[in-house]
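Enquirer: Just dropping this structure here.
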Amino acid sequence: MNVHSVKNHVIIHGAHILKEDIMSKRNKIIYLDLDNVLVDFHSHPTLRIPHGFFNHPNMFKDTYFSKLKPFPGAIKAAMTLLNNPKLDVYILTQPVANSIKSYSEKADWVAEYLPAFSDRLIMTQDKLLNKGDVLVDDSLKWSKFEGKFIHFDFKGNTVEEWKRVVEEINGVRELSYGL
Ligand SMILES: [Mg+2]
């Protein structure tokens, strides 16, 4: 194909198309958090952690992260988003930095409940380094994400909360960062 650029235009077979028109057709990049968004962080069958506790010794025991249950509505919502051809959807999660097991157990959890995301699993200690359009997270710590931050409230009916989030993502039209 004969394609070349002149200033803000791309010329394809002699037709001038604004670069912005082409760029805006790229897929939106969506990040979904694990703990307290897809995963019920307090659902381990034997290892209990009280709500509001985030550095509990049970987190360092074997299987803590791999044996948690998904929230009602979470798997269906994640697959609905993944199957939208206009979205590139990833899981973006912060493992416990000083627990190697938390990394592998989170990967185990994804392999069991959302295997289609096994090659879409990003682990980081700083979510703000990721470029993208939407971050769904329960923690306001990441609200300065460069794209749209959607706060997930896991304390109510998570089926309804996921419906709201999916609708909101499907309604995001504007790109949040320039190319
Ligand atoms: Mg979380």
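As shown in the structure tokens, the chain order sets the letters A, B, ...; within each chain, residues go from 1, and ligands are also counted from 1 in the order they appear.
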Mind listing the helix (DSSP H, G or I) residues of segment 12-156 of chain A, per DSSP on the backbone, as a PyMOL selection string?
Expert: chain A and resi 19-23+57-60+74-82+100-113+115-117+127-129+140-142
Enquirer: Show me a table, sorted first by chain and then by increasing residue number, of the residues of chain A having an atom at most 12 Å from ligand 1, each with its shortest atom pair and the distance in Å to one decimal, counting only C-alpha atoms and all ligand atoms and written as CSV.
Expert:
```
residue,atom,partner,partner_atom_place_in_ligand_line,distance
A:Tyr31,CA,ligand 1,1 (Mg),11.8
A:Leu32,CA,ligand 1,1 (Mg),9.2
A:Asp33,CA,ligand 1,1 (Mg),5.6
A:Leu34,CA,ligand 1,1 (Mg),5.8
A:Asp35,CA,ligand 1,1 (Mg),4.0
A:Asn36,CA,ligand 1,1 (Mg),4.7
A:Val37,CA,ligand 1,1 (Mg),5.9
A:Leu38,CA,ligand 1,1 (Mg),8.5
A:Val39,CA,ligand 1,1 (Mg),8.4
A:Asp40,CA,ligand 1,1 (Mg),9.5
A:Phe41,CA,ligand 1,1 (Mg),8.3
A:His42,CA,ligand 1,1 (Mg),11.7
A:Gly52,CA,ligand 1,1 (Mg),11.7
A:Phe54,CA,ligand 1,1 (Mg),10.3
A:Ile91,CA,ligand 1,1 (Mg),11.1
A:Leu92,CA,ligand 1,1 (Mg),9.5
A:Thr93,CA,ligand 1,1 (Mg),7.4
A:Gln94,CA,ligand 1,1 (Mg),8.0
A:Pro95,CA,ligand 1,1 (Mg),10.0
A:Val96,CA,ligand 1,1 (Mg),11.7
A:Lys127,CA,ligand 1,1 (Mg),11.1
A:Leu135,CA,ligand 1,1 (Mg),11.1
A:Val136,CA,ligand 1,1 (Mg),9.0
A:Asp137,CA,ligand 1,1 (Mg),5.7
A:Asp138,CA,ligand 1,1 (Mg),5.0
A:Ser139,CA,ligand 1,1 (Mg),5.7
A:Leu140,CA,ligand 1,1 (Mg),9.4
A:Lys141,CA,ligand 1,1 (Mg),9.7
A:Trp142,CA,ligand 1,1 (Mg),9.7
A:His151,CA,ligand 1,1 (Mg),10.1
A:Phe152,CA,ligand 1,1 (Mg),8.8
A:Asp153,CA,ligand 1,1 (Mg),10.2
A:Phe154,CA,ligand 1,1 (Mg),9.5
```
Enquirer: Just to confirm, what's the straight-line distance from atom CA of Ala116 of chain A to atom CA of Gly73 of chain A in Å (one decimal)?
Expert: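 Separating atom CA of Ala116 of chain A from atom CA of Gly73 of chain A is a distance of 16.6 Å.
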Enquirer: Let's see if you can do this: from backbone DSSP, list all strand (DSSP E or B) residues in segment 71-142 of chain A, as number ranges by chain.
Expert: A: 87-93, 121-123, 134-137
Enquirer: One decimal, in Å: what's the spacing between atom CA of Lys86 of chain A and atom CA of Asp119 of chain A?
Expert: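 Interatomic distance, atom CA of Lys86 of chain A to atom CA of Asp119 of chain A: 18.1 Å.
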Enquirer: Which is closer to Trp109 of chain A than all the others in A:Thr80, A:Glu167, A:Phe65, A:Met123, using only C-alpha atoms?
Expert: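 Among the listed residues, A:Phe65 lies closest to Trp109 of chain A.
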Enquirer: Would you compute the distance between atom CA of Asn157 of chain A and atom CA of Met59 of chain A? Give it in Å to one decimal.
Expert: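 One can read the atom CA of Asn157 of chain A to atom CA of Met59 of chain A distance as 24.9 Å.
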Enquirer: So that I can see what lies close to Leu114 of chain A, please list as JSON, numbers by chain the residues with an atom at most 12 Å from it, counting only C-alpha atoms and leaving out residues fewer than 2 positions away in the same chain.
Expert: {"A": [34, 38, 39, 69, 70, 74, 75, 76, 77, 78, 79, 80, 82, 90, 91, 106, 107, 108, 109, 110, 111, 112, 116, 117, 118, 119, 120, 121]}
Enquirer: Which residues are close to His56 of chain A, i.e. within 12 Å by only C-alpha atoms, leaving aside same-chain residues fewer than 5 positions away? Reply as number ranges by chain.
Expert: A: 41-42, 47-51, 61, 64, 96
Enquirer: Using only C-alpha atoms, which of the listed residues (A:Ile100, A:Leu68, A:Ile122, A:Leu81) sits closest to Glu168 of chain A?
Expert: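 The answer is A:Leu81, which sits nearest to Glu168 of chain A.
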Enquirer: Do you know which residues are at most 9 Å from Asn27 of chain A counting only C-alpha atoms, after dropping those on the same chain fewer than 2 positions away, and could you put them as a list in words?
Expert: Ser24, Lys25, Ile29, Pro85, Lys86, Leu87 and Asp88 of chain A
Enquirer: Given the choices A:Asn84, A:Thr46, A:Asn130, A:Asn58, which gets closest to Ile169 of chain A if the distance is worked out from only C-alpha atoms?
Expert: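 Comparing A:Asn84, A:Thr46, A:Asn130, A:Asn58 against Ile169 of chain A, the winner is A:Asn84.
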Enquirer: Determine the nearest neighbour of Ser66 of chain A from the options A:Glu146, A:Val134, A:Gly156, A:Tyr103, counting only C-alpha atoms.
Expert: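 Smallest separation from Ser66 of chain A among the options: A:Tyr103.
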